Structure formats: structure tokens, C-alpha cells
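Text of data_16.txt, listed as compact mmCIF, C-alpha atoms and all ligand atoms:
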# COMPACT_ATOMS: atom_id res chain seq x y z
CA MET H 428 106.33 46.64 95.69
CA SER H 429 104.05 47.03 92.69
CA LYS H 430 101.13 49.37 93.24
CA SER H 431 97.67 49.24 91.75
CA ARG H 432 94.28 50.78 92.30
CA GLU H 433 90.72 49.94 91.37
CA LEU H 434 88.72 52.52 89.54
CA LYS H 435 85.38 52.92 87.86
CA TYR H 436 85.77 53.05 84.13
CA THR H 437 83.16 54.09 81.60
CA CYS H 438 83.19 51.84 78.55
CA PRO H 439 83.94 54.00 75.48
CA TYR H 440 81.70 51.73 73.38
CA CYS H 441 78.51 51.18 75.40
CA GLY H 442 78.90 53.91 78.02
CA ARG H 443 78.34 51.62 80.99
CA GLU H 444 80.59 51.53 84.05
CA PHE H 445 82.74 48.74 85.39
CA ASP H 446 85.75 48.27 87.69
CA ILE H 447 89.24 48.02 86.29
CA THR H 448 92.61 47.52 87.96
CA VAL H 449 95.19 50.11 86.97
CA TYR H 450 98.88 49.70 87.86
CA GLU H 451 100.73 52.82 88.98
CA SER H 452 104.02 51.02 89.42
CA VAL H 453 105.47 47.63 88.58
CA ASN H 454 108.55 46.08 90.13
CA THR H 455 109.78 43.13 88.09
CA GLU H 456 111.77 41.66 90.98
CA THR H 457 108.80 41.26 93.31
CA ASP H 458 106.22 40.65 90.54
CA PRO H 459 107.79 38.82 87.61
CA ASP H 460 104.34 37.92 86.23
CA LEU H 461 103.59 41.63 85.83
CA ARG H 462 106.76 41.96 83.75
CA ASP H 463 105.24 39.42 81.32
CA ALA H 464 101.95 41.33 81.25
CA CYS H 465 103.80 44.57 80.50
CA LEU H 466 105.90 43.04 77.72
CA SER H 467 102.83 41.54 76.05
CA GLY H 468 100.78 44.69 76.65
CA ASP H 469 98.12 42.61 78.46
CA ILE H 470 98.38 44.85 81.52
CA PHE H 471 96.73 47.63 79.45
CA ARG H 472 94.05 45.45 77.88
CA HIS H 473 90.57 45.46 79.33
CA SER H 474 87.31 43.87 78.35
CA CYS H 475 83.92 45.44 79.00
CA PRO H 476 81.73 42.94 80.91
CA HIS H 477 78.59 44.53 79.40
CA CYS H 478 79.28 44.72 75.66
CA HIS H 479 82.39 42.46 75.64
CA THR H 480 84.49 44.88 73.62
CA ASP H 481 88.25 44.69 74.21
CA PHE H 482 90.31 47.86 74.32
CA MET H 483 93.53 49.36 75.68
CA VAL H 484 93.64 51.79 78.59
CA GLN H 485 96.89 53.67 79.08
CA TYR H 486 97.49 55.24 82.47
CA PRO H 487 100.84 56.58 83.72
CA LEU H 488 102.98 53.69 84.92
CA VAL H 489 106.43 53.52 86.50
CA TYR H 490 108.18 50.27 85.58
CA ALA H 491 111.29 49.31 87.58
CA ASP H 492 113.60 46.44 86.66
CA PRO H 493 116.27 46.18 89.40
CA LYS H 494 118.00 43.23 87.72
CA HIS H 495 118.62 44.99 84.39
CA LYS H 496 118.80 48.38 86.14
CA PHE H 497 116.31 50.52 84.32
CA VAL H 498 113.18 52.52 85.10
CA LEU H 499 110.62 53.34 82.41
CA TRP H 500 107.99 55.96 82.94
CA LEU H 501 105.06 55.44 80.62
CA SER H 502 103.41 58.84 80.45
CA GLN H 503 102.32 61.65 78.21
CA GLY H 504 104.57 63.75 80.43
CA THR H 505 101.96 65.98 81.95
CA GLY H 506 102.08 67.01 85.56
CA GLU H 507 104.45 64.58 87.26
CA GLU H 508 107.81 65.64 85.81
CA ALA H 509 108.97 67.31 89.02
CA ALA H 510 108.24 64.27 91.17
CA MET H 511 109.93 61.97 88.67
CA ARG H 512 112.98 64.22 88.45
CA ALA H 513 113.26 64.18 92.24
CA SER H 514 113.48 60.39 92.14
CA ALA H 515 116.05 60.39 89.35
CA ARG H 516 119.29 61.20 91.11
CA PRO H 517 119.40 58.32 93.63
CA LEU H 518 118.49 55.91 90.82
CA LEU H 519 121.24 57.25 88.55
CA LYS H 520 123.72 56.82 91.41
CA GLN H 521 122.78 53.15 91.51
CA GLY H 522 123.46 52.84 87.80
CA TYR H 523 119.89 52.86 86.50
CA ARG H 524 118.94 54.02 83.02
CA LEU H 525 115.88 56.30 83.08
CA ARG H 526 113.50 56.80 80.19
CA ARG H 527 110.04 58.10 79.49
CA CYS H 528 107.89 56.26 76.94
CA ALA H 529 105.01 58.06 75.24
CA THR H 530 103.19 55.00 73.93
CA VAL H 531 102.62 51.37 74.93
CA ARG H 532 104.49 50.31 71.80
CA GLU H 533 107.57 52.32 72.74
CA PHE H 534 107.30 50.96 76.26
CA THR H 535 107.21 47.26 75.30
CA GLU H 536 110.06 47.70 72.81
CA LYS H 537 112.17 49.52 75.40
CA ILE H 538 111.75 46.64 77.88
CA GLN H 539 113.07 44.25 75.24
CA ILE H 540 116.01 46.52 74.31
CA PHE H 541 117.15 47.04 77.91
CA GLU H 542 116.68 43.39 78.88
CA ASP H 543 118.94 42.57 75.91
CA GLY H 544 121.51 44.95 77.39
CA VAL H 545 121.53 47.10 74.25
CA SER H 546 121.80 50.90 73.98
CA ASP H 547 118.47 52.37 72.89
CA ILE H 548 120.37 55.25 71.25
CA ALA H 549 122.08 52.67 69.01
CA VAL H 550 118.66 51.12 68.30
CA GLU H 551 117.09 54.43 67.26
CA LEU H 552 120.10 55.17 65.05
CA ALA H 553 119.84 51.71 63.46
CA LYS H 554 116.10 52.18 62.89
CA TYR H 555 116.71 55.58 61.29
CA ASP H 556 119.49 54.21 59.03
CA SER H 557 117.33 51.22 58.02
CA PHE H 558 114.41 53.48 57.13
CA ILE H 559 116.64 55.76 55.01
CA GLU H 560 118.20 52.77 53.27
CA PHE H 561 114.77 51.29 52.58
CA ILE H 562 113.65 54.56 50.96
CA ASP H 563 116.90 55.33 49.10
CA SER H 564 118.18 52.08 47.73
CA ARG H 565 114.99 50.10 47.31
CA ASN H 566 112.81 52.85 45.94
CA GLY H 567 110.49 52.47 48.90
CA ASN H 568 107.78 54.99 49.53
CA PRO H 569 107.96 56.55 53.03
CA GLN H 570 104.15 56.51 53.28
CA ASP H 571 104.11 52.73 52.78
CA VAL H 572 106.19 52.05 55.89
CA THR H 573 103.88 50.95 58.71
CA SER H 574 106.57 50.30 61.31
CA VAL H 575 110.30 50.12 61.96
CA GLU H 576 111.04 47.70 64.78
CA TYR H 577 113.95 46.43 66.81
CA GLN H 578 114.18 42.65 66.54
CA ASN H 579 117.31 41.58 68.44
CA VAL H 580 121.09 41.61 68.69
CA SER H 581 122.89 38.39 67.83
CA ASP H 582 126.67 37.89 67.49
CA GLY H 583 127.21 41.65 67.59
CA VAL H 584 124.72 42.38 64.79
CA MET H 585 121.48 44.28 65.30
CA LYS H 586 118.43 43.24 63.32
CA ILE H 587 115.84 45.87 62.39
CA ASN H 588 112.58 45.12 60.57
CA VAL H 589 111.04 47.67 58.23
CA ARG H 590 107.44 46.73 57.50
CA THR H 591 104.94 47.78 54.90
CA ASP H 592 101.42 46.43 54.42
CA ASP H 593 102.47 43.68 52.03
CA LYS H 594 106.09 42.98 52.91
CA GLY H 595 108.81 43.27 55.47
CA LEU H 596 112.52 43.80 55.03
CA SER H 597 115.19 43.06 57.61
CA PHE H 598 118.34 45.10 57.96
CA LEU H 599 121.44 43.78 59.71
CA ILE H 600 123.72 46.41 61.23
CA PRO H 601 126.95 45.63 63.11
CA LEU H 602 126.77 46.97 66.65
CA ASN H 603 130.36 48.27 66.54
CA LEU H 604 129.54 50.53 63.57
CA LEU H 605 126.64 52.05 65.50
CA GLU H 606 128.77 52.53 68.60
CA GLU H 607 131.51 54.15 66.51
CA GLU H 608 129.03 56.60 64.96
CA ILE H 609 127.68 57.52 68.39
CA ARG H 610 131.19 57.96 69.82
CA ALA H 611 132.29 60.13 66.86
CA GLU H 612 129.40 62.51 67.50
CA SER H 613 128.95 62.12 71.23
CA ASP H 614 127.72 65.73 71.61
CA ARG H 615 124.86 65.17 69.22
CA PHE H 616 123.74 61.98 70.96
CA GLU H 617 124.13 63.28 74.51
CA ILE H 618 121.07 62.90 76.72
CA ASN H 619 120.18 64.02 80.22
CA GLU H 620 118.84 61.00 82.09
CA GLU H 621 117.69 63.12 85.00
CA ASP H 622 114.84 64.34 82.80
CA PHE H 623 113.62 60.82 81.96
CA PRO H 624 114.27 61.56 78.25
CA LEU H 625 112.15 60.23 75.42
CA ILE H 626 114.48 58.24 73.15
CA ASN H 627 112.28 57.37 70.20
CA SER H 628 111.89 58.00 66.46
CA ASP H 629 110.79 61.63 67.03
CA TRP H 630 113.94 62.20 69.04
CA ILE H 631 116.34 60.81 66.43
CA ILE H 632 114.56 62.62 63.58
CA SER H 633 114.83 65.91 65.49
CA LEU H 634 118.62 65.39 65.85
CA PHE H 635 119.07 64.95 62.11
CA MET H 636 116.68 67.78 61.26
CA GLU H 637 118.68 70.14 63.47
CA SER H 638 121.98 69.26 61.83
CA SER H 639 120.67 69.44 58.28
CA GLY H 640 119.20 72.85 59.12
CA GLN H 641 122.65 74.08 60.13
CA ALA H 642 124.43 72.72 57.07
ZN ZN W 701 80.92 48.20 76.91

Would you kindly transcribe this structure into C-alpha cells?
Amino acid sequence: MSKSRELKYTCPYCGREFDITVYESVNTETDPDLRDACLSGDIFRHSCPHCHTDFMVQYPLVYADPKHKFVLWLSQGTGEEAAMRASARPLLKQGYRLRRCATVREFTEKIQIFEDGVSDIAVELAKYDSFIEFIDSRNGNPQDVTSVEYQNVSDGVMKINVRTDDKGLSFLIPLNLLEEEIRAESDRFEINEEDFPLINSDWIISLFMESSGQA
């Protein structure tokens, strides 16, 4: 069920050509080993046989996980929206969650979040709250933050890591508080899954920018 193609690729370092395998779609039920390669990012890693440089190549990929019922579309969102939207309705009827991911990092994190059975809206809210708390109460400098990452959910508590170059801080946020906040402002957090929405840090920041602009 997974689909791949061979193509000639020009090495960005030495300019010579070689063949690479690019996956257009991955189905985790029929190809569980490809699920591992997606989660690790190895599916995007290639090595030039001429100059032996390793690098990442990101092509559009549709990732379907029938067991956990989600489809991720890794894409910059150019050109294929109409075709993706046409496929959305039957998937939504079967209870799938549909998302677009702009980067490999968003993509691998989203696999983890949905396999854990967690709402990615709650995750983005928790990441936003953790970032604000890091800046406000610990006198952190926003420029120093290199990443804000979902770690896991354990006993109803979500763990978020805020990292800087020299340290990392973990924030523990009860899942029921996040769910309450989302329920209380359900209009603000509403998404249209038919559009394969991007639910990432840009998205959550835009929600809060909008509301502070109105205040
Ligand atoms: Zn090369």
C-alpha cells in the first residue's frame, strides 16, 4: 500500500547524480518498518555515494496510520490541496484525524502525539504556556530558546521540554486543565479537518495574536 519512486538526484554538495528512493505514501499497517523510518526521520536521510555527505531530502509524503486513525500530509502545501481535500471527507467519516505538517520535525512529533492518543491542540497549547512561563517566571530570554518539544503524557500529565543551548527545563501540565481551557474557548480552537490544517507553533501564536489585537 505504500508507494515509492526512484529518481535521479543531484548531490547539493558535489553536484553529481545518483538514484534515491522517495516515498509518496506510507501505510503503517502494511509497512510497519516504514513507520519506524518515518518516526526516526531516516526515510528522509540520504547519503551521496560520490562524496559521502549525508543530508535530508523532503518530498511531499502522505502518511496513513489506520490503527491510530490519522493521516499526515507532509508538504509545503503547494499544488495538491484540491486532491487532498477530495480525499478528506471519506477519511473523516471513518474517524480519521487529518493534518498537514510543514517540516520533518513537526511530522515526527505529530506521529508520536497521535500514537499516544493525545490531542495536538492540547499539545500546542501546553507548548505555548510552557514557553510563556519560561520567559515570564524564570527570566528566560526568548532568543535563547532553541526548541519547545512534546515529551509524553503519563498519569494524565503532559510533559513539555523547553530547551536552550546550555540547559533544558521540563514543564508538567495536567491534561484536564488543558482540555478545560480548550472547551471554555472552543470557538477559538476550532479547526476544519477537511483542509488538512497545520496545527503547529505558528498556528497557536496566530490565535493569541488575533485575540490580543482585539483586546
Ligand atoms: Zn556528493

Self-check item: Spatial neighbours of range 489-492 of chain H, 6 Å, only C-alpha atoms, chain gap at least 3 places, as a list of chain:residue names
Solution: H:Ser452, H:Val453, H:Asn454, H:Thr455, H:His495, H:Lys496, H:Phe497, H:Val498, H:Leu499, H:Trp500

Output C-alpha atoms of each residue in that selection to a file, as a PDB file, in the coordinates of the input.
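Contents of the output file part-v2.pdb:
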ATOM      1  CA  SER H 452     104.020  51.020  89.420  1.00  0.00           C
ATOM      2  CA  VAL H 453     105.470  47.630  88.580  1.00  0.00           C
ATOM      3  CA  ASN H 454     108.550  46.080  90.130  1.00  0.00           C
ATOM      4  CA  THR H 455     109.780  43.130  88.090  1.00  0.00           C
ATOM      5  CA  HIS H 495     118.620  44.990  84.390  1.00  0.00           C
ATOM      6  CA  LYS H 496     118.800  48.380  86.140  1.00  0.00           C
ATOM      7  CA  PHE H 497     116.310  50.520  84.320  1.00  0.00           C
ATOM      8  CA  VAL H 498     113.180  52.520  85.100  1.00  0.00           C
ATOM      9  CA  LEU H 499     110.620  53.340  82.410  1.00  0.00           C
ATOM     10  CA  TRP H 500     107.990  55.960  82.940  1.00  0.00           C
TER      11      TRP H 500
END

Quiz prompt | Nearest to Arg527 in chain H, chosen from H:Gln570, H:Ser581, H:Ser429, H:Asn619, with only C-alpha atoms counted in the distances | solution = H:Asn619

Can you report as AutoDock Vina command-line options the centre and edge lengths in Å, to one decimal, of an axis-aligned box around the listed atoms of range 582-587 of chain H padded with 8 Å on each side?
--center_x 121.5 --center_y 41.9 --center_z 65.0 --size_x 27.4 --size_y 24.0 --size_z 21.2

Quiz prompt | Among the residues H:Cys465, H:Leu525, H:Leu501, H:Ile470, the one that comes closest to Asp547 in chain H [using all atoms listed in the file] | solution =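 Once distances to Asp547 in chain H are computed over all atoms listed in the file, the minimum belongs to H:Leu525.
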
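Note that the spacing between CA of Ser574 in chain H and CA of Trp630 in chain H amounts to 16.0 Å.
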
Practice problem: Write out as number ranges by chain each polymer residue (protein, DNA or RNA) that has an atom no more than 10 Å from ligand ZN 701 (chain W), with all atoms listed in the file counted. | Solution: H: 436-445, 474-482

Quiz item: Got a sec to check which residues sit within 12 Å of (102.1, 47.7, 70.9), counting all atoms listed in the file, and write them as JSON, numbers by chain?
Solution: {"H": [465, 466, 467, 468, 469, 470, 471, 472, 483, 485, 528, 529, 530, 531, 532, 533, 534, 535, 536, 537, 538, 574, 576]}
